[in-house]
Amino acid sequence: MRLMQHKREAYWFYRYLSVFYDKLVNPLFWTARMREKALDIGYWDDDEELSVIDVGSGTGFTTEGIVKRVPSTNVTCVDQSPHQMNHAKAKHELAGCTFQLGDAENLPFDDDSFDRYVSAGSIEYWPDPQRGLNEAYRVVKPGGWALMIGPLEPVNPISRFAANTWMLFPPEEDYFRYMERAGFDRIDYTYVSPHWQKNDRYGIAIVGRKPLPGKSPNHYEAVAEERQLVAVDNEGVTLGRGLMLAGRVILGSAAGFIFIPMALIASVTAPMRGIDKEPEPLNSHQKVALATVGVVAAVLIVNRLTRRR
Ligand SMILES: C[S@@+](CC[C@H](N)C(=O)[O-])C[C@H]1O[C@@H](n2cnc3c(N)ncnc32)[C@H](O)[C@@H]1O
């Protein structure tokens, strides 16, 4: 499995990333425009009545889109990271939501509990994504819809290698297979991408209906190791597992942070690369990060030139 496709590794990754998340990460890789396009396929009729579960809700960025469609008091946010969740709890527009620490692969809710299930950008970390989709099926009421949003495996071989080393970027057909195996019917989808990406197939939003009550026809129990969750801080780890965890989190975090300057540069150079999508302006944090990248690059270039003389 990939560096970050583990619950404990994801927990520690977000322990620190949560500080930068809304400032630097989402505005580059999962923008408000992408969120609205993805949520639009989620069947928001009877909006006053719908109960919604947002799984891997993080800092509540996707939840902010959900509460534009249904009252916040109808929305339950689930995440395994208390650090991410604290940021969501602090957002005034999410004040009415219910917050529950929990695992996407072992949701702490009864069968047939919610009218809608949404999960955005979380599947990348799930060790057993099929089990996550089976859980989506289980907690949705019959006739309800589940909307899964996630990244697609990059086409470019170098990006694909980097992405697949880092975490799960499923090929498109895997999303369809997860949904079909879980038992959903009437499957529909759309693609989402940030303005700086030439390729429109950067991410996918895929929605399916639960036809029958109860558990997924594909239901199976999680293997013991993957049942772990939430009290991650308190669980003992062996030295070997601890070293492996630290190595993966450090490497995975480094890999993740490299994507930020790359995306910032891609964002400002998009018109020069022939991309004519309407840009989404950089926020002040991104501008500072970009200026820092520029200064570091300038120092490295000057250093190299002066050493040659
Ligand atoms: C990229 S963030 C996405 C957050 C949010 N959905 C958004 O749109 O910004 C991924 C989130 O998934 C959470 N996560 C990862 N694995 C999880 C699991 N097994 N169960 C619940 N949440 C999980 C992480 O803690 C993190 O907050």
# chains A, B, ... in the order shown; residues from 1 in each chain; ligands from 1

$ residues_near_ligand --ligand "ligand 1" --cutoff "7 Å" --atoms "only C-alpha atoms and all ligand atoms" --output "PyMOL selection string"
chain A and resi 7+10-11+14+26+55-62+78-81+84+102-105+119-123+125-126

$ write_last_selection --atoms "N, CA and C atoms" --output "compact mmCIF listing (two decimals), in the first residue's frame"
# COMPACT_ATOMS: atom_id res chain seq x y z
N LYS A 7 -4.65 4.43 7.96
CA LYS A 7 -5.40 5.32 8.87
C LYS A 7 -4.46 6.07 9.82
N ALA A 10 -2.45 8.71 7.99
CA ALA A 10 -3.31 9.85 7.63
C ALA A 10 -3.59 10.71 8.86
N TYR A 11 -3.77 10.05 9.99
CA TYR A 11 -4.03 10.79 11.24
C TYR A 11 -2.87 11.74 11.52
N TYR A 14 -2.48 14.67 8.97
CA TYR A 14 -3.42 15.79 9.18
C TYR A 14 -3.22 16.45 10.54
N ASN A 26 -6.68 23.30 -0.14
CA ASN A 26 -7.94 23.31 -0.88
C ASN A 26 -8.00 24.36 -1.98
N VAL A 55 -18.53 12.27 4.95
CA VAL A 55 -17.52 11.37 5.51
C VAL A 55 -16.11 11.80 5.07
N GLY A 56 -15.22 11.93 6.05
CA GLY A 56 -13.89 12.50 5.78
C GLY A 56 -14.08 14.00 5.57
N SER A 57 -14.91 14.58 6.44
CA SER A 57 -15.35 15.98 6.26
C SER A 57 -14.24 16.98 6.51
N GLY A 58 -13.18 16.57 7.20
CA GLY A 58 -11.99 17.42 7.37
C GLY A 58 -12.31 18.76 7.99
N THR A 59 -11.81 19.82 7.37
CA THR A 59 -12.02 21.18 7.88
C THR A 59 -13.39 21.73 7.46
N GLY A 60 -14.19 20.90 6.81
CA GLY A 60 -15.56 21.31 6.48
C GLY A 60 -15.70 22.09 5.19
N PHE A 61 -14.70 21.98 4.30
CA PHE A 61 -14.78 22.75 3.05
C PHE A 61 -15.93 22.26 2.17
N THR A 62 -16.04 20.94 2.02
CA THR A 62 -17.17 20.41 1.23
C THR A 62 -18.48 20.61 1.99
N VAL A 78 -18.29 13.44 9.68
CA VAL A 78 -17.50 12.36 10.28
C VAL A 78 -16.06 12.46 9.77
N ASP A 79 -15.12 12.40 10.68
CA ASP A 79 -13.70 12.37 10.27
C ASP A 79 -12.92 11.65 11.36
N GLN A 80 -11.80 11.06 10.97
CA GLN A 80 -10.99 10.38 11.98
C GLN A 80 -9.98 11.33 12.63
N SER A 81 -9.88 12.56 12.10
CA SER A 81 -8.89 13.50 12.63
C SER A 81 -9.57 14.57 13.49
N GLN A 84 -8.41 18.13 12.21
CA GLN A 84 -9.16 18.66 11.07
C GLN A 84 -10.55 19.11 11.54
N GLY A 102 -14.97 9.40 13.61
CA GLY A 102 -15.34 8.07 13.15
C GLY A 102 -14.54 7.67 11.93
N ASP A 103 -14.66 6.40 11.59
CA ASP A 103 -13.88 5.80 10.51
C ASP A 103 -14.79 5.52 9.31
N ALA A 104 -14.36 5.99 8.16
CA ALA A 104 -15.13 5.78 6.93
C ALA A 104 -15.41 4.31 6.66
N GLU A 105 -14.52 3.44 7.14
CA GLU A 105 -14.68 2.00 6.86
C GLU A 105 -15.47 1.28 7.95
N SER A 119 -18.72 12.08 0.29
CA SER A 119 -17.34 12.01 0.74
C SER A 119 -16.46 12.65 -0.33
N ALA A 120 -15.65 13.62 0.08
CA ALA A 120 -14.81 14.34 -0.90
C ALA A 120 -13.35 14.27 -0.49
N GLY A 121 -12.54 13.73 -1.36
CA GLY A 121 -11.08 13.78 -1.16
C GLY A 121 -10.60 12.98 0.03
N SER A 122 -11.32 11.95 0.41
CA SER A 122 -10.91 11.15 1.57
C SER A 122 -10.53 9.72 1.17
N ILE A 123 -11.12 9.22 0.10
CA ILE A 123 -10.90 7.82 -0.32
C ILE A 123 -9.40 7.53 -0.53
N TYR A 125 -7.05 7.89 1.28
CA TYR A 125 -6.38 7.42 2.51
C TYR A 125 -6.94 6.11 3.03
N TRP A 126 -7.99 5.60 2.42
CA TRP A 126 -8.66 4.43 2.98
C TRP A 126 -7.92 3.16 2.55

$ residues_around --residues "Ile275 of chain A" --least-positions-apart "3" --cutoff "12 Å" --atoms "only C-alpha atoms" --output "list in words"
Pro194, His195, Trp196, Gln197, Lys198, Asn199, Asp200, Ala266, Ser267, Val268, Thr269, Ala270, Pro271, Met272, Glu278 and Pro279 of chain A

$ closest_residue --among "A:His219, A:Trp166, A:Val302, A:Gln100" --to "Phe257 of chain A" --atoms "only C-alpha atoms"
A:Trp166

$ atom_distance --atom1 "atom CA of Phe184 of chain A" --atom2 "atom CA of Gly65 of chain A"
23.6 Å

$ closest_residue --among "A:Val118, A:Trp12, A:Tyr21, A:Thr306" --to "Thr63 of chain A" --atoms "only C-alpha atoms"
A:Val118

$ select_by_dssp --residues "segment 231-299 of chain A" --states "alpha helix (DSSP H)" --output "number ranges by chain"
A: 239-269, 284-299

$ write_last_selection --atoms "N, CA and C atoms" --output "tab-separated table (two decimals), in the first residue's frame"
chain	number	residue	atom	x	y	z
A	239	LEU	N	8.08	-0.86	18.05
A	239	LEU	CA	9.15	0.03	17.56
A	239	LEU	C	9.20	-0.01	16.03
A	240	GLY	N	9.11	-1.22	15.48
A	240	GLY	CA	9.18	-1.36	14.02
A	240	GLY	C	8.05	-0.61	13.35
A	241	ARG	N	6.85	-0.78	13.89
A	241	ARG	CA	5.68	-0.10	13.29
A	241	ARG	C	5.82	1.42	13.46
A	242	GLY	N	6.38	1.82	14.64
A	242	GLY	CA	6.57	3.25	14.90
A	242	GLY	C	7.54	3.87	13.90
A	243	LEU	N	8.65	3.15	13.62
A	243	LEU	CA	9.63	3.67	12.66
A	243	LEU	C	9.03	3.75	11.26
A	244	MET	N	8.29	2.70	10.93
A	244	MET	CA	7.62	2.67	9.61
A	244	MET	C	6.64	3.83	9.50
A	245	LEU	N	5.88	4.06	10.56
A	245	LEU	CA	4.90	5.15	10.59
A	245	LEU	C	5.61	6.49	10.39
A	246	ALA	N	6.68	6.71	11.19
A	246	ALA	CA	7.39	7.99	11.11
A	246	ALA	C	7.96	8.19	9.70
A	247	GLY	N	8.56	7.13	9.14
A	247	GLY	CA	9.15	7.22	7.80
A	247	GLY	C	8.10	7.57	6.77
A	248	ARG	N	6.98	6.87	6.83
A	248	ARG	CA	5.93	7.13	5.84
A	248	ARG	C	5.37	8.54	5.97
A	249	VAL	N	5.16	8.99	7.23
A	249	VAL	CA	4.57	10.32	7.42
A	249	VAL	C	5.54	11.39	6.93
A	250	ILE	N	6.84	11.22	7.24
A	250	ILE	CA	7.82	12.24	6.81
A	250	ILE	C	7.92	12.26	5.29
A	251	LEU	N	8.08	11.06	4.69
A	251	LEU	CA	8.18	11.00	3.22
A	251	LEU	C	6.88	11.48	2.56
A	252	GLY	N	5.76	11.01	3.11
A	252	GLY	CA	4.46	11.37	2.54
A	252	GLY	C	4.19	12.86	2.65
A	253	SER	N	4.58	13.45	3.79
A	253	SER	CA	4.37	14.89	3.97
A	253	SER	C	5.25	15.67	3.00
A	254	ALA	N	6.52	15.21	2.86
A	254	ALA	CA	7.43	15.89	1.92
A	254	ALA	C	6.85	15.82	0.51
A	255	ALA	N	6.37	14.63	0.12
A	255	ALA	CA	5.80	14.48	-1.22
A	255	ALA	C	4.59	15.40	-1.36
A	256	GLY	N	3.77	15.46	-0.33
A	256	GLY	CA	2.57	16.31	-0.37
A	256	GLY	C	2.92	17.78	-0.50
A	257	PHE	N	3.94	18.22	0.27
A	257	PHE	CA	4.29	19.64	0.24
A	257	PHE	C	4.91	20.05	-1.08
A	258	ILE	N	5.58	19.10	-1.75
A	258	ILE	CA	6.17	19.43	-3.06
A	258	ILE	C	5.08	19.81	-4.07
A	259	PHE	N	3.90	19.16	-3.92
A	259	PHE	CA	2.82	19.46	-4.85
A	259	PHE	C	2.33	20.91	-4.73
A	260	ILE	N	2.54	21.54	-3.56
A	260	ILE	CA	2.02	22.91	-3.37
A	260	ILE	C	2.76	23.92	-4.27
A	261	PRO	N	4.13	24.02	-4.19
A	261	PRO	CA	4.79	24.95	-5.12
A	261	PRO	C	4.58	24.58	-6.58
A	262	MET	N	4.52	23.26	-6.86
A	262	MET	CA	4.30	22.86	-8.27
A	262	MET	C	2.95	23.39	-8.76
A	263	ALA	N	1.93	23.25	-7.92
A	263	ALA	CA	0.59	23.71	-8.34
A	263	ALA	C	0.53	25.23	-8.40
A	264	LEU	N	1.25	25.91	-7.48
A	264	LEU	CA	1.26	27.38	-7.52
A	264	LEU	C	1.88	27.87	-8.83
A	265	ILE	N	2.99	27.23	-9.21
A	265	ILE	CA	3.65	27.63	-10.47
A	265	ILE	C	2.74	27.29	-11.65
A	266	ALA	N	2.13	26.10	-11.59
A	266	ALA	CA	1.21	25.71	-12.68
A	266	ALA	C	0.05	26.70	-12.78
A	267	SER	N	-0.37	27.20	-11.62
A	267	SER	CA	-1.51	28.13	-11.60
A	267	SER	C	-1.16	29.45	-12.31
A	268	VAL	N	0.01	30.01	-12.00
A	268	VAL	CA	0.34	31.31	-12.61
A	268	VAL	C	0.82	31.16	-14.06
A	269	THR	N	1.29	29.97	-14.42
A	269	THR	CA	1.78	29.80	-15.80
A	269	THR	C	0.70	29.20	-16.73
A	284	SER	N	-4.23	35.42	-0.21
A	284	SER	CA	-3.01	36.06	0.31
A	284	SER	C	-1.98	35.01	0.76
A	285	HIS	N	-2.43	33.90	1.32
A	285	HIS	CA	-1.49	32.86	1.77
A	285	HIS	C	-0.76	32.25	0.57
A	286	GLN	N	-1.51	32.04	-0.51
A	286	GLN	CA	-0.89	31.46	-1.70
A	286	GLN	C	0.12	32.44	-2.30
A	287	LYS	N	-0.24	33.75	-2.26
A	287	LYS	CA	0.69	34.74	-2.81
A	287	LYS	C	2.00	34.74	-2.02
A	288	VAL	N	1.88	34.65	-0.69
A	288	VAL	CA	3.09	34.62	0.15
A	288	VAL	C	3.90	33.36	-0.18
A	289	ALA	N	3.21	32.22	-0.32
A	289	ALA	CA	3.91	30.96	-0.63
A	289	ALA	C	4.60	31.06	-1.99
A	290	LEU	N	3.91	31.67	-2.96
A	290	LEU	CA	4.50	31.81	-4.29
A	290	LEU	C	5.73	32.72	-4.25
A	291	ALA	N	5.60	33.83	-3.50
A	291	ALA	CA	6.74	34.75	-3.38
A	291	ALA	C	7.92	34.02	-2.73
A	292	THR	N	7.64	33.18	-1.73
A	292	THR	CA	8.70	32.42	-1.07
A	292	THR	C	9.38	31.47	-2.05
A	293	VAL	N	8.56	30.81	-2.87
A	293	VAL	CA	9.12	29.90	-3.89
A	293	VAL	C	10.03	30.70	-4.83
A	294	GLY	N	9.56	31.89	-5.22
A	294	GLY	CA	10.35	32.75	-6.13
A	294	GLY	C	11.68	33.13	-5.50
A	295	VAL	N	11.64	33.54	-4.23
A	295	VAL	CA	12.87	33.97	-3.55
A	295	VAL	C	13.85	32.79	-3.44
A	296	VAL	N	13.33	31.62	-3.03
A	296	VAL	CA	14.20	30.44	-2.90
A	296	VAL	C	14.83	30.09	-4.25
A	297	ALA	N	14.00	30.13	-5.31
A	297	ALA	CA	14.53	29.80	-6.65
A	297	ALA	C	15.60	30.81	-7.06
A	298	ALA	N	15.35	32.11	-6.78
A	298	ALA	CA	16.32	33.15	-7.16
A	298	ALA	C	17.64	32.93	-6.40
A	299	VAL	N	17.54	32.64	-5.10
A	299	VAL	CA	18.76	32.42	-4.29
A	299	VAL	C	19.55	31.23	-4.85

$ closest_residue --among "A:Pro171, A:Ile66, A:Ala163, A:Pro281" --to "Ala38 of chain A" --atoms "only C-alpha atoms"
A:Ile66

$ select_by_dssp --residues "segment 20-249 of chain A" --states "strand (DSSP E or B)" --output "ChimeraX atom specification"
/A:52-55,75-79,98-101,103,106,114-120,140-151,185-192,203-209

$ closest_residue --among "A:Phe176, A:Phe109, A:Phe20, A:Phe99" --to "Glu135 of chain A" --atoms "only C-alpha atoms"
A:Phe109

$ atom_distance --atom1 "atom CA of Met34 of chain A" --atom2 "atom CA of Leu147 of chain A"
14.0 Å

$ residues_around --residues "Val139 of chain A" --least-positions-apart "4" --cutoff "7 Å" --atoms "only C-alpha atoms" --output "VMD selection string"
chain A and resid 109 to 114 135

$ closest_residue --among "A:Asp276, A:Gly42, A:Leu152, A:Tyr117" --to "Cys77 of chain A" --atoms "only C-alpha atoms"
A:Tyr117

$ decode --residues "segment 90-186 of chain A" --atoms "C-alpha atoms" --output "PDB file, in the first residue's frame"
ATOM      1  CA  ALA A  90     -14.920  26.779  14.327  1.00  0.00           C
ATOM      2  CA  LYS A  91     -16.743  27.755  11.102  1.00  0.00           C
ATOM      3  CA  HIS A  92     -19.888  29.709  11.932  1.00  0.00           C
ATOM      4  CA  GLU A  93     -21.830  28.447   8.884  1.00  0.00           C
ATOM      5  CA  LEU A  94     -21.303  24.872  10.155  1.00  0.00           C
ATOM      6  CA  ALA A  95     -22.478  25.654  13.704  1.00  0.00           C
ATOM      7  CA  GLY A  96     -25.663  23.594  13.278  1.00  0.00           C
ATOM      8  CA  CYS A  97     -23.886  20.442  12.041  1.00  0.00           C
ATOM      9  CA  THR A  98     -23.328  17.366  14.187  1.00  0.00           C
ATOM     10  CA  PHE A  99     -19.667  16.357  14.503  1.00  0.00           C
ATOM     11  CA  GLN A 100     -18.644  12.788  15.151  1.00  0.00           C
ATOM     12  CA  LEU A 101     -15.165  11.271  15.130  1.00  0.00           C
ATOM     13  CA  GLY A 102     -15.339   8.069  13.154  1.00  0.00           C
ATOM     14  CA  ASP A 103     -13.881   5.800  10.514  1.00  0.00           C
ATOM     15  CA  ALA A 104     -15.134   5.785   6.929  1.00  0.00           C
ATOM     16  CA  GLU A 105     -14.681   2.003   6.860  1.00  0.00           C
ATOM     17  CA  ASN A 106     -16.598   1.394  10.112  1.00  0.00           C
ATOM     18  CA  LEU A 107     -19.186   4.164  10.286  1.00  0.00           C
ATOM     19  CA  PRO A 108     -20.702   4.551  13.760  1.00  0.00           C
ATOM     20  CA  PHE A 109     -24.304   4.654  12.473  1.00  0.00           C
ATOM     21  CA  ASP A 110     -27.146   2.206  11.943  1.00  0.00           C
ATOM     22  CA  ASP A 111     -28.111   0.848   8.554  1.00  0.00           C
ATOM     23  CA  ASP A 112     -30.466   3.100   6.509  1.00  0.00           C
ATOM     24  CA  SER A 113     -29.763   6.283   8.531  1.00  0.00           C
ATOM     25  CA  PHE A 114     -29.199   9.082   5.969  1.00  0.00           C
ATOM     26  CA  ASP A 115     -30.824  10.354   2.766  1.00  0.00           C
ATOM     27  CA  ARG A 116     -27.509  11.412   1.278  1.00  0.00           C
ATOM     28  CA  TYR A 117     -23.888  10.350   1.715  1.00  0.00           C
ATOM     29  CA  VAL A 118     -21.054  12.635   0.543  1.00  0.00           C
ATOM     30  CA  SER A 119     -17.341  12.010   0.743  1.00  0.00           C
ATOM     31  CA  ALA A 120     -14.812  14.340  -0.898  1.00  0.00           C
ATOM     32  CA  GLY A 121     -11.085  13.776  -1.163  1.00  0.00           C
ATOM     33  CA  SER A 122     -10.907  11.149   1.566  1.00  0.00           C
ATOM     34  CA  ILE A 123     -10.899   7.824  -0.320  1.00  0.00           C
ATOM     35  CA  GLU A 124      -7.194   8.380  -1.106  1.00  0.00           C
ATOM     36  CA  TYR A 125      -6.382   7.425   2.510  1.00  0.00           C
ATOM     37  CA  TRP A 126      -8.661   4.428   2.982  1.00  0.00           C
ATOM     38  CA  PRO A 127      -6.783   1.124   3.152  1.00  0.00           C
ATOM     39  CA  ASP A 128      -9.884  -0.714   1.918  1.00  0.00           C
ATOM     40  CA  PRO A 129     -11.855   1.649  -0.343  1.00  0.00           C
ATOM     41  CA  GLN A 130     -14.362  -1.047  -1.275  1.00  0.00           C
ATOM     42  CA  ARG A 131     -15.257  -1.433   2.366  1.00  0.00           C
ATOM     43  CA  GLY A 132     -15.707   2.386   2.571  1.00  0.00           C
ATOM     44  CA  LEU A 133     -18.171   2.230  -0.332  1.00  0.00           C
ATOM     45  CA  ASN A 134     -19.968  -0.734   1.264  1.00  0.00           C
ATOM     46  CA  GLU A 135     -20.341   1.409   4.385  1.00  0.00           C
ATOM     47  CA  ALA A 136     -21.688   4.283   2.270  1.00  0.00           C
ATOM     48  CA  TYR A 137     -24.319   1.896   0.950  1.00  0.00           C
ATOM     49  CA  ARG A 138     -25.172   0.562   4.404  1.00  0.00           C
ATOM     50  CA  VAL A 139     -25.831   3.938   6.076  1.00  0.00           C
ATOM     51  CA  VAL A 140     -27.886   5.405   3.209  1.00  0.00           C
ATOM     52  CA  LYS A 141     -31.655   4.901   3.266  1.00  0.00           C
ATOM     53  CA  PRO A 142     -33.189   2.921   0.393  1.00  0.00           C
ATOM     54  CA  GLY A 143     -33.835   5.330  -2.477  1.00  0.00           C
ATOM     55  CA  GLY A 144     -31.075   7.628  -1.138  1.00  0.00           C
ATOM     56  CA  TRP A 145     -27.905   8.636  -3.003  1.00  0.00           C
ATOM     57  CA  ALA A 146     -24.195   8.413  -2.267  1.00  0.00           C
ATOM     58  CA  LEU A 147     -21.749  10.852  -3.862  1.00  0.00           C
ATOM     59  CA  MET A 148     -18.070   9.920  -3.867  1.00  0.00           C
ATOM     60  CA  ILE A 149     -15.556  12.548  -4.975  1.00  0.00           C
ATOM     61  CA  GLY A 150     -11.889  11.728  -5.437  1.00  0.00           C
ATOM     62  CA  PRO A 151      -8.785  12.135  -7.581  1.00  0.00           C
ATOM     63  CA  LEU A 152      -8.126  10.147 -10.740  1.00  0.00           C
ATOM     64  CA  GLU A 153      -4.879   8.394 -11.548  1.00  0.00           C
ATOM     65  CA  PRO A 154      -2.775  10.937 -13.503  1.00  0.00           C
ATOM     66  CA  VAL A 155      -2.155  10.221 -17.192  1.00  0.00           C
ATOM     67  CA  ASN A 156       1.426  11.492 -17.251  1.00  0.00           C
ATOM     68  CA  PRO A 157       3.674   8.549 -16.212  1.00  0.00           C
ATOM     69  CA  ILE A 158       5.919  10.621 -13.892  1.00  0.00           C
ATOM     70  CA  SER A 159       2.947  12.214 -12.115  1.00  0.00           C
ATOM     71  CA  ARG A 160       1.271   8.807 -11.980  1.00  0.00           C
ATOM     72  CA  PHE A 161       4.305   7.249 -10.325  1.00  0.00           C
ATOM     73  CA  ALA A 162       4.560  10.107  -7.776  1.00  0.00           C
ATOM     74  CA  ALA A 163       0.834  10.052  -7.042  1.00  0.00           C
ATOM     75  CA  ASN A 164       0.669   6.284  -6.653  1.00  0.00           C
ATOM     76  CA  THR A 165       3.677   6.257  -4.328  1.00  0.00           C
ATOM     77  CA  TRP A 166       1.996   8.875  -2.173  1.00  0.00           C
ATOM     78  CA  MET A 167      -1.585   7.667  -1.852  1.00  0.00           C
ATOM     79  CA  LEU A 168      -4.499   6.075  -3.678  1.00  0.00           C
ATOM     80  CA  PHE A 169      -5.385   7.740  -6.993  1.00  0.00           C
ATOM     81  CA  PRO A 170      -7.817   5.178  -8.415  1.00  0.00           C
ATOM     82  CA  PRO A 171      -8.222   4.776 -12.169  1.00  0.00           C
ATOM     83  CA  GLU A 172     -11.687   5.783 -13.341  1.00  0.00           C
ATOM     84  CA  GLU A 173     -12.899   2.217 -13.787  1.00  0.00           C
ATOM     85  CA  ASP A 174     -12.131   1.429 -10.127  1.00  0.00           C
ATOM     86  CA  TYR A 175     -14.642   4.075  -8.962  1.00  0.00           C
ATOM     87  CA  PHE A 176     -17.337   2.422 -11.082  1.00  0.00           C
ATOM     88  CA  ARG A 177     -16.350  -0.995  -9.780  1.00  0.00           C
ATOM     89  CA  TYR A 178     -16.472   0.143  -6.108  1.00  0.00           C
ATOM     90  CA  MET A 179     -19.940   1.635  -6.632  1.00  0.00           C
ATOM     91  CA  GLU A 180     -21.327  -1.338  -8.551  1.00  0.00           C
ATOM     92  CA  ARG A 181     -19.910  -3.926  -6.143  1.00  0.00           C
ATOM     93  CA  ALA A 182     -21.294  -1.993  -3.166  1.00  0.00           C
ATOM     94  CA  GLY A 183     -24.735  -2.380  -4.783  1.00  0.00           C
ATOM     95  CA  PHE A 184     -25.545   1.120  -6.079  1.00  0.00           C
ATOM     96  CA  ASP A 185     -27.578   1.535  -9.252  1.00  0.00           C
ATOM     97  CA  ARG A 186     -28.360   4.507 -11.540  1.00  0.00           C
TER      98      ARG A 186
END
